[in-house]
$ cat coords-v3.cif   # mmCIF, C-alpha atoms and all ligand atoms
data_start
#
loop_
_atom_site.label_atom_id
_atom_site.label_comp_id
_atom_site.auth_asym_id
_atom_site.auth_seq_id
_atom_site.Cartn_x
_atom_site.Cartn_y
_atom_site.Cartn_z
CA MET A 1 -13.12 9.99 42.29
CA GLN A 2 -14.05 6.36 41.77
CA ILE A 3 -16.70 4.46 43.73
CA GLY A 4 -16.28 0.77 44.51
CA SER A 5 -17.83 -2.09 46.40
CA MET A 6 -16.39 -4.96 48.40
CA ASN A 7 -16.99 -8.61 47.53
CA HIS A 8 -18.74 -10.76 50.13
CA PRO A 9 -16.13 -13.39 51.04
CA GLY A 10 -18.88 -15.96 51.63
CA ARG A 11 -19.94 -15.77 47.98
CA ASP A 12 -18.31 -16.98 44.77
CA LEU A 13 -15.71 -14.37 43.79
CA ILE A 14 -16.20 -14.51 40.02
CA GLU A 15 -19.95 -13.98 40.46
CA GLU A 16 -19.23 -11.10 42.83
CA VAL A 17 -16.98 -9.45 40.21
CA ARG A 18 -19.74 -9.73 37.63
CA GLU A 19 -22.42 -8.43 39.99
CA ILE A 20 -20.38 -5.47 41.21
CA ALA A 21 -19.64 -4.48 37.61
CA ALA A 22 -23.29 -4.94 36.62
CA MET A 23 -24.34 -2.58 39.43
CA GLY A 24 -22.16 0.08 37.81
CA PHE A 25 -19.27 0.29 40.27
CA GLU A 26 -15.87 1.33 39.00
CA PHE A 27 -13.68 -0.98 41.06
CA ILE A 28 -13.82 -3.92 43.44
CA ASP A 29 -12.37 -3.65 46.94
CA LEU A 30 -11.27 -7.27 46.81
CA THR A 31 -11.11 -8.82 50.24
CA LEU A 32 -9.10 -12.03 50.27
CA GLU A 33 -10.83 -13.90 53.10
CA PRO A 34 -12.21 -17.39 53.68
CA PRO A 35 -14.52 -19.12 53.22
CA LEU A 36 -14.87 -18.43 49.49
CA ALA A 37 -12.28 -15.76 48.75
CA GLY A 38 -9.21 -17.00 50.65
CA VAL A 39 -5.86 -16.43 48.96
CA GLN A 40 -4.99 -20.14 49.15
CA HIS A 41 -7.81 -21.09 46.79
CA LEU A 42 -7.74 -18.08 44.51
CA ASP A 43 -7.83 -18.80 40.77
CA ILE A 44 -5.77 -15.76 39.76
CA PRO A 45 -6.05 -16.13 35.94
CA ALA A 46 -9.84 -16.57 36.21
CA VAL A 47 -10.27 -13.55 38.52
CA LYS A 48 -7.99 -11.45 36.33
CA ALA A 49 -9.96 -12.38 33.21
CA ALA A 50 -13.25 -11.61 34.99
CA LEU A 51 -11.94 -8.18 36.08
CA GLU A 52 -10.80 -7.38 32.55
CA THR A 53 -14.06 -8.51 30.96
CA ALA A 54 -16.02 -6.46 33.51
CA GLY A 55 -13.73 -3.42 33.17
CA LEU A 56 -13.36 -3.24 36.96
CA GLY A 57 -10.42 -1.68 38.79
CA ILE A 58 -9.12 -3.29 42.00
CA VAL A 59 -7.99 -2.27 45.48
CA GLY A 60 -6.54 -4.94 47.77
CA HIS A 61 -8.16 -5.72 51.13
CA THR A 62 -7.17 -8.37 53.67
CA ALA A 63 -8.80 -10.09 56.65
CA TYR A 64 -9.13 -7.85 59.72
CA TYR A 65 -8.42 -10.69 62.14
CA LEU A 66 -4.88 -11.74 61.28
CA PRO A 67 -2.60 -11.87 64.37
CA LEU A 68 -0.13 -9.15 63.38
CA CYS A 69 0.91 -8.49 66.98
CA SER A 70 0.46 -11.95 68.48
CA PRO A 71 2.76 -12.68 71.43
CA PHE A 72 3.09 -16.14 69.86
CA GLU A 73 5.89 -15.59 67.35
CA SER A 74 4.86 -18.50 65.13
CA LEU A 75 1.36 -17.00 64.79
CA ARG A 76 2.74 -13.54 63.97
CA ARG A 77 4.99 -15.10 61.34
CA ALA A 78 2.00 -16.98 59.92
CA ALA A 79 0.20 -13.62 59.52
CA VAL A 80 3.23 -12.30 57.61
CA THR A 81 3.19 -15.42 55.38
CA GLU A 82 -0.53 -15.01 54.63
CA LEU A 83 -0.18 -11.30 53.90
CA ARG A 84 2.80 -11.95 51.61
CA LEU A 85 0.63 -14.38 49.63
CA CYS A 86 -2.02 -11.65 49.40
CA LEU A 87 0.59 -9.15 48.15
CA GLU A 88 1.67 -11.57 45.42
CA ALA A 89 -1.94 -12.22 44.40
CA PHE A 90 -2.79 -8.51 44.29
CA ALA A 91 0.33 -7.73 42.26
CA ALA A 92 -0.69 -10.42 39.75
CA LEU A 93 -4.22 -8.97 39.62
CA GLY A 94 -2.94 -5.46 38.91
CA ALA A 95 -3.77 -3.77 42.24
CA LYS A 96 -1.68 -0.81 43.34
CA TRP A 97 -2.55 -0.82 47.05
CA MET A 98 -3.20 -3.43 49.72
CA ASN A 99 -4.64 -2.64 53.11
CA VAL A 100 -3.73 -4.10 56.50
CA HIS A 101 -5.63 -3.76 59.78
CA PRO A 102 -3.53 -3.11 62.86
CA ASP A 103 -3.87 -5.82 65.48
CA ARG A 104 -4.85 -5.19 69.10
CA GLN A 105 -4.97 -8.75 70.45
CA ALA A 106 -2.16 -9.23 72.95
CA PRO A 107 -3.73 -9.84 76.38
CA LEU A 108 -1.57 -8.91 79.39
CA HIS A 109 0.78 -6.90 77.16
CA ASP A 110 0.96 -3.12 77.24
CA ARG A 111 0.45 -0.64 74.40
CA SER A 112 4.15 -0.32 73.64
CA TYR A 113 4.34 -4.07 73.01
CA VAL A 114 1.32 -3.94 70.66
CA ILE A 115 2.90 -1.09 68.71
CA LYS A 116 6.32 -2.75 68.56
CA ARG A 117 4.87 -6.01 67.23
CA ASN A 118 2.64 -4.29 64.64
CA LEU A 119 5.64 -2.26 63.47
CA GLN A 120 7.74 -5.43 63.23
CA THR A 121 5.14 -7.10 61.01
CA LEU A 122 4.55 -4.02 58.85
CA GLY A 123 8.31 -3.48 58.56
CA GLU A 124 8.66 -7.04 57.22
CA LEU A 125 5.83 -6.59 54.72
CA LEU A 126 6.75 -3.16 53.33
CA PRO A 127 9.88 -4.20 51.38
CA ALA A 128 8.02 -7.20 49.92
CA ALA A 129 5.18 -4.89 48.83
CA LEU A 130 7.50 -2.33 47.27
CA ASP A 131 9.41 -5.08 45.41
CA LEU A 132 6.11 -6.15 43.86
CA GLY A 133 5.21 -2.58 42.92
CA LEU A 134 2.47 -2.31 45.55
CA GLY A 135 1.84 0.17 48.31
CA LEU A 136 0.83 -0.97 51.79
CA MET A 137 -1.75 1.08 53.71
CA ILE A 138 -3.10 0.89 57.24
CA GLU A 139 -6.84 1.18 58.06
CA ASN A 140 -8.01 3.03 61.18
CA LEU A 141 -9.95 0.89 63.67
CA PRO A 142 -11.98 1.81 66.75
CA ALA A 143 -10.48 1.03 70.17
CA GLY A 144 -6.80 1.56 69.64
CA PHE A 145 -6.04 2.96 66.18
CA ASN A 146 -8.71 5.57 65.59
CA SER A 147 -7.17 8.97 66.34
CA ALA A 148 -4.36 10.92 64.70
CA ALA A 149 -2.16 10.33 67.76
CA GLN A 150 -2.81 6.58 67.78
CA LEU A 151 -2.19 6.22 64.04
CA ALA A 152 0.98 8.30 64.41
CA GLU A 153 2.50 5.43 66.36
CA LEU A 154 2.48 3.38 63.15
CA LEU A 155 2.62 6.05 60.44
CA ASP A 156 5.51 8.11 61.83
CA PRO A 157 8.09 5.30 62.14
CA LEU A 158 7.14 3.94 58.68
CA PRO A 159 7.04 6.85 56.22
CA GLN A 160 6.35 4.51 53.28
CA LEU A 161 3.12 3.25 54.88
CA GLY A 162 -0.05 4.77 53.38
CA LEU A 163 -3.24 5.83 55.17
CA HIS A 164 -6.50 4.04 54.44
CA LEU A 165 -9.21 6.12 56.11
CA ASP A 166 -12.43 4.42 57.19
CA ILE A 167 -14.84 7.29 57.90
CA GLY A 168 -17.41 4.94 59.49
CA HIS A 169 -14.84 3.56 61.92
CA ALA A 170 -13.79 7.12 62.77
CA ASN A 171 -17.29 7.57 64.22
CA LEU A 172 -17.04 4.68 66.71
CA LEU A 173 -16.02 4.62 70.40
CA THR A 174 -15.22 8.32 70.28
CA ASP A 175 -17.09 11.46 71.34
CA HIS A 176 -16.44 13.07 67.93
CA ASN A 177 -15.77 11.70 64.45
CA THR A 178 -11.98 11.68 64.10
CA THR A 179 -11.90 12.06 60.30
CA ASP A 180 -10.90 15.73 60.39
CA GLU A 181 -8.03 15.31 62.85
CA ILE A 182 -6.71 12.28 60.93
CA LEU A 183 -6.88 14.18 57.62
CA LYS A 184 -5.25 17.25 59.18
CA ALA A 185 -2.29 15.16 60.31
CA TYR A 186 -2.03 12.62 57.48
CA GLY A 187 -4.23 13.81 54.59
CA GLY A 188 -1.13 13.93 52.39
CA ARG A 189 -0.70 10.16 52.84
CA LEU A 190 -4.32 9.25 52.11
CA CYS A 191 -4.51 6.40 49.57
CA HIS A 192 -8.00 4.95 49.91
CA VAL A 193 -11.30 5.59 51.73
CA HIS A 194 -14.07 3.40 53.18
CA LEU A 195 -17.47 5.02 53.71
CA HIS A 196 -20.52 3.61 55.51
CA ASP A 197 -22.94 4.89 58.12
CA ASN A 198 -23.52 3.99 61.80
CA LYS A 199 -24.96 5.51 64.98
CA GLY A 200 -21.73 5.97 66.95
CA GLY A 201 -21.10 3.89 70.07
CA ASN A 202 -19.45 0.55 69.52
CA SER A 203 -21.65 -0.93 66.77
CA ASP A 204 -19.95 -1.08 63.38
CA LEU A 205 -23.31 -1.25 61.61
CA HIS A 206 -22.18 -0.66 57.99
CA LEU A 207 -25.47 1.10 57.19
CA PRO A 208 -26.44 2.84 53.94
CA LEU A 209 -25.48 6.52 53.75
CA GLY A 210 -28.07 8.63 55.56
CA ALA A 211 -29.32 5.82 57.83
CA GLY A 212 -27.03 6.71 60.75
CA THR A 213 -25.50 9.79 62.34
CA LEU A 214 -22.52 10.33 60.04
CA ASP A 215 -22.30 13.86 58.63
CA THR A 216 -21.45 12.59 55.16
CA PRO A 217 -21.60 16.01 53.38
CA HIS A 218 -19.08 17.37 55.89
CA HIS A 219 -16.70 14.45 55.40
CA ILE A 220 -16.89 14.70 51.62
CA ARG A 221 -15.98 18.35 51.93
CA SER A 222 -13.04 17.43 54.16
CA LEU A 223 -11.77 14.92 51.58
CA GLN A 224 -12.01 17.50 48.82
CA ASN A 225 -10.35 20.13 50.97
CA CYS A 226 -7.24 17.95 51.07
CA TYR A 227 -7.45 17.43 47.30
CA TYR A 228 -8.44 13.77 47.55
CA ASN A 229 -9.79 12.45 44.28
CA GLY A 230 -9.12 8.71 44.56
CA THR A 231 -11.05 5.54 45.39
CA ILE A 232 -13.97 5.39 47.84
CA THR A 233 -15.47 2.01 48.75
CA LEU A 234 -19.02 1.95 50.04
CA GLU A 235 -18.90 -0.70 52.77
CA VAL A 236 -22.68 -0.94 53.01
CA PHE A 237 -23.46 -4.48 54.12
CA SER A 238 -27.03 -5.60 53.51
CA ALA A 239 -28.52 -8.66 51.84
CA ASP A 240 -30.54 -6.20 49.73
CA ARG A 241 -27.98 -4.54 47.47
CA ARG A 242 -30.36 -1.74 46.52
CA TYR A 243 -29.12 -0.01 49.71
CA LEU A 244 -25.65 -0.15 48.21
CA THR A 245 -26.62 1.33 44.84
CA HIS A 246 -28.70 4.00 46.60
CA SER A 247 -25.64 4.94 48.66
CA ARG A 248 -23.58 5.10 45.48
CA ASP A 249 -26.03 7.56 43.93
CA VAL A 250 -26.06 9.67 47.13
CA LEU A 251 -22.25 9.75 47.23
CA ARG A 252 -21.88 10.69 43.55
CA GLN A 253 -24.41 13.50 43.85
CA LEU A 254 -22.92 14.88 47.08
CA TRP A 255 -19.42 14.64 45.64
CA ASP A 256 -20.33 16.58 42.49
CA GLU A 257 -22.33 19.23 44.38
CA THR A 258 -19.52 19.73 46.91
CA MET A 259 -16.94 19.91 44.15
CA LYS A 260 -18.85 22.80 42.58
CA LYS A 261 -19.13 24.64 45.92
CA VAL A 262 -15.51 24.08 46.95
CA GLY A 263 -14.40 25.08 43.44
CA LEU A 264 -16.42 28.31 43.62
CA GLU A 265 -14.98 29.16 47.04
CA LYS A 266 -11.44 28.55 45.86
CA SER A 267 -11.82 30.49 42.59
ZN ZN B 301 -13.33 -0.46 56.30
#
$ encode --input "coords-v3.cif" --output "structure tokens"
Amino acid sequence: MQIGSMNHPGRDLIEEVREIAAMGFEFIDLTLEPPLAGVQHLDIPAVKAALETAGLGIVGHTAYYLPLCSPFESLRRAAVTELRLCLEAFAALGAKWMNVHPDRQAPLHDRSYVIKRNLQTLGELLPAALDLGLGLMIENLPAGFNSAAQLAELLDPLPQLGLHLDIGHANLLTDHNTTDEILKAYGGRLCHVHLHDNKGGNSDLHLPLGAGTLDTPHHIRSLQNCYYNGTITLEVFSADRRYLTHSRDVLRQLWDETMKKVGLEKS
């Protein structure tokens, strides 16, 4: 299992690469977002060189607010264009996966329309991703794409689409954390994980591990029970990055302890 951190898109990307490596993370969850990390202004050779010098791996992340299901066709097509540029950049940078957030913004349109438009966009992006040697994965979001049944509406029609599980999101706007039901249904398609704490409700607080109500030991056990051993990004957002490195140490310790316990139970 590898632990990573996301760059802050309001800070210089090369400096973020250096800082994330200096903190001891194993990969960067590179979000290509304005103002300072937009794909249009990305210096790919410089970022690639910085990643290589730092010895950092990379997972691709994109802006959560692109209009994938916009009823305005020109806007939806613009989202496809932007995401294609991101795919090309991530392929050049050596990433293997790029995430996409499903879109819910289509006022006065029903759920079936939202699903149809998201599927249209994802269906246009998937062949481009595969041609570039990248996988495309969808991240669960509260209010619309946060249960196994809701994610099924996108994952079932597109068997090549991967699952990117955000365990913090799975705790929001729900009476129970939906991680277990999502893993039960789609654990075999899990490609990447985001982990951060919150207190339930509708506030996506991105707290350090242990500062909210998430049962992190339980969720780590669930990941290991479906044989997940891939990338986990700590999406702990604080100006003081000691909260981030503390969370990294907590995660590594819990992961290793749980591994021993699960291993003993299975042997
Ligand atoms: Zn996330």
$ residues_around --input "coords-v3.cif" --residues "Ile58 (chain A)" --least-positions-apart "6" --cutoff "6 Å" --atoms "all atoms listed in the file" --output "CSV table (one decimal) with C-alpha atoms, keeping the file's coordinate frame"
chain,number,residue,atom,x,y,z
A,27,PHE,CA,-13.7,-1.0,41.1
A,28,ILE,CA,-13.8,-3.9,43.4
A,29,ASP,CA,-12.4,-3.6,46.9
A,95,ALA,CA,-3.8,-3.8,42.2
$ atom_distance --input "coords-v3.cif" --atom1 "CA of Val80 (chain A)" --atom2 "CA of Ala152 (chain A)"
21.8 Å
$ atom_distance --input "coords-v3.cif" --atom1 "CA of Asp204 (chain A)" --atom2 "CA of Tyr113 (chain A)"
26.3 Å
$ atom_distance --input "coords-v3.cif" --atom1 "CA of Met98 (chain A)" --atom2 "CA of Leu136 (chain A)"
5.2 Å
$ closest_atom_pairs --input "coords-v3.cif" --of "region 220-240 of chain A" --to "region 185-203 of chain A" --cutoff "8 Å" --atoms "all atoms listed in the file" --output "tab-separated table"
residue	atom	partner	partner_atom	distance
A:Cys226	CA	A:Gly187	CA	6.2
A:Tyr228	CA	A:Leu190	CA	7.6
A:Gly230	CA	A:His192	CA	6.6
A:Thr231	CA	A:His192	CA	5.5
A:Ile232	CA	A:Val193	CA	4.7
A:Thr233	CA	A:His194	CA	4.8
A:Leu234	CA	A:Leu195	CA	5.0
A:Glu235	CA	A:His196	CA	5.4
A:Val236	CA	A:His196	CA	5.6
$ closest_residue --input "coords-v3.cif" --among "A:Ala46, A:Leu13, A:Leu165, A:Leu134" --to "Arg84 (chain A)" --atoms "all atoms listed in the file"
A:Leu134
$ build_atoms --input "coords-v3.cif" --residues "region 58-90 of chain A" --atoms "N, CA and C atoms" --output "mmCIF file, in the coordinates of the input"
data_model
loop_
_atom_site.group_PDB
_atom_site.id
_atom_site.type_symbol
_atom_site.label_atom_id
_atom_site.label_comp_id
_atom_site.auth_asym_id
_atom_site.auth_seq_id
_atom_site.Cartn_x
_atom_site.Cartn_y
_atom_site.Cartn_z
ATOM 1 N N ILE A 58 -9.256 -2.472 40.791
ATOM 2 C CA ILE A 58 -9.120 -3.290 42.000
ATOM 3 C C ILE A 58 -8.274 -2.592 43.056
ATOM 4 N N VAL A 59 -8.771 -2.682 44.299
ATOM 5 C CA VAL A 59 -7.990 -2.270 45.480
ATOM 6 C C VAL A 59 -7.902 -3.503 46.367
ATOM 7 N N GLY A 60 -6.742 -3.735 46.960
ATOM 8 C CA GLY A 60 -6.540 -4.940 47.770
ATOM 9 C C GLY A 60 -6.944 -4.766 49.221
ATOM 10 N N HIS A 61 -7.703 -5.740 49.731
ATOM 11 C CA HIS A 61 -8.160 -5.720 51.130
ATOM 12 C C HIS A 61 -7.862 -7.087 51.738
ATOM 13 N N THR A 62 -7.513 -7.105 53.018
ATOM 14 C CA THR A 62 -7.170 -8.370 53.670
ATOM 15 C C THR A 62 -8.004 -8.562 54.940
ATOM 16 N N ALA A 63 -7.992 -9.770 55.470
ATOM 17 C CA ALA A 63 -8.800 -10.090 56.650
ATOM 18 C C ALA A 63 -8.401 -9.198 57.832
ATOM 19 N N TYR A 64 -9.400 -8.757 58.588
ATOM 20 C CA TYR A 64 -9.130 -7.850 59.720
ATOM 21 C C TYR A 64 -8.665 -8.600 60.960
ATOM 22 N N TYR A 65 -8.682 -9.934 60.906
ATOM 23 C CA TYR A 65 -8.420 -10.690 62.140
ATOM 24 C C TYR A 65 -7.111 -11.472 62.112
ATOM 25 N N LEU A 66 -6.188 -11.047 61.290
ATOM 26 C CA LEU A 66 -4.880 -11.740 61.280
ATOM 27 C C LEU A 66 -4.042 -11.271 62.477
ATOM 28 N N PRO A 67 -3.291 -12.189 63.096
ATOM 29 C CA PRO A 67 -2.600 -11.870 64.370
ATOM 30 C C PRO A 67 -1.258 -11.157 64.175
ATOM 31 N N LEU A 68 -1.340 -9.917 63.668
ATOM 32 C CA LEU A 68 -0.130 -9.150 63.380
ATOM 33 C C LEU A 68 0.749 -8.887 64.601
ATOM 34 N N CYS A 69 0.111 -8.822 65.778
ATOM 35 C CA CYS A 69 0.910 -8.490 66.980
ATOM 36 C C CYS A 69 0.873 -9.634 67.993
ATOM 37 N N SER A 70 0.581 -10.831 67.535
ATOM 38 C CA SER A 70 0.460 -11.950 68.480
ATOM 39 C C SER A 70 1.742 -12.137 69.291
ATOM 40 N N PRO A 71 1.585 -12.360 70.605
ATOM 41 C CA PRO A 71 2.760 -12.680 71.430
ATOM 42 C C PRO A 71 3.337 -14.057 71.072
ATOM 43 N N PHE A 72 2.570 -14.856 70.336
ATOM 44 C CA PHE A 72 3.090 -16.140 69.860
ATOM 45 C C PHE A 72 3.806 -15.887 68.536
ATOM 46 N N GLU A 73 5.120 -15.965 68.539
ATOM 47 C CA GLU A 73 5.890 -15.590 67.350
ATOM 48 C C GLU A 73 5.509 -16.401 66.119
ATOM 49 N N SER A 74 5.209 -17.690 66.311
ATOM 50 C CA SER A 74 4.860 -18.500 65.130
ATOM 51 C C SER A 74 3.545 -18.021 64.503
ATOM 52 N N LEU A 75 2.628 -17.518 65.338
ATOM 53 C CA LEU A 75 1.360 -17.000 64.790
ATOM 54 C C LEU A 75 1.605 -15.670 64.059
ATOM 55 N N ARG A 76 2.430 -14.815 64.644
ATOM 56 C CA ARG A 76 2.740 -13.540 63.970
ATOM 57 C C ARG A 76 3.402 -13.809 62.624
ATOM 58 N N ARG A 77 4.312 -14.768 62.609
ATOM 59 C CA ARG A 77 4.990 -15.100 61.340
ATOM 60 C C ARG A 77 3.995 -15.683 60.333
ATOM 61 N N ALA A 78 3.027 -16.431 60.824
ATOM 62 C CA ALA A 78 2.000 -16.980 59.920
ATOM 63 C C ALA A 78 1.198 -15.844 59.285
ATOM 64 N N ALA A 79 0.917 -14.792 60.071
ATOM 65 C CA ALA A 79 0.200 -13.620 59.520
ATOM 66 C C ALA A 79 1.037 -12.977 58.416
ATOM 67 N N VAL A 80 2.344 -12.875 58.643
ATOM 68 C CA VAL A 80 3.230 -12.300 57.610
ATOM 69 C C VAL A 80 3.186 -13.164 56.350
ATOM 70 N N THR A 81 3.226 -14.500 56.533
ATOM 71 C CA THR A 81 3.190 -15.420 55.380
ATOM 72 C C THR A 81 1.888 -15.229 54.596
ATOM 73 N N GLU A 82 0.762 -15.179 55.305
ATOM 74 C CA GLU A 82 -0.530 -15.010 54.630
ATOM 75 C C GLU A 82 -0.588 -13.674 53.878
ATOM 76 N N LEU A 83 -0.113 -12.622 54.525
ATOM 77 C CA LEU A 83 -0.180 -11.300 53.900
ATOM 78 C C LEU A 83 0.776 -11.195 52.707
ATOM 79 N N ARG A 84 1.902 -11.922 52.776
ATOM 80 C CA ARG A 84 2.800 -11.950 51.610
ATOM 81 C C ARG A 84 2.112 -12.631 50.427
ATOM 82 N N LEU A 85 1.373 -13.712 50.702
ATOM 83 C CA LEU A 85 0.630 -14.380 49.630
ATOM 84 C C LEU A 85 -0.400 -13.415 49.025
ATOM 85 N N CYS A 86 -1.041 -12.639 49.893
ATOM 86 C CA CYS A 86 -2.020 -11.650 49.400
ATOM 87 C C CYS A 86 -1.321 -10.600 48.531
ATOM 88 N N LEU A 87 -0.152 -10.140 48.961
ATOM 89 C CA LEU A 87 0.590 -9.150 48.150
ATOM 90 C C LEU A 87 0.884 -9.702 46.762
ATOM 91 N N GLU A 88 1.337 -10.960 46.720
ATOM 92 C CA GLU A 88 1.670 -11.570 45.420
ATOM 93 C C GLU A 88 0.417 -11.689 44.548
ATOM 94 N N ALA A 89 -0.693 -12.087 45.164
ATOM 95 C CA ALA A 89 -1.940 -12.220 44.400
ATOM 96 C C ALA A 89 -2.389 -10.855 43.873
ATOM 97 N N PHE A 90 -2.341 -9.843 44.729
ATOM 98 C CA PHE A 90 -2.790 -8.510 44.290
ATOM 99 C C PHE A 90 -1.884 -7.943 43.207
#
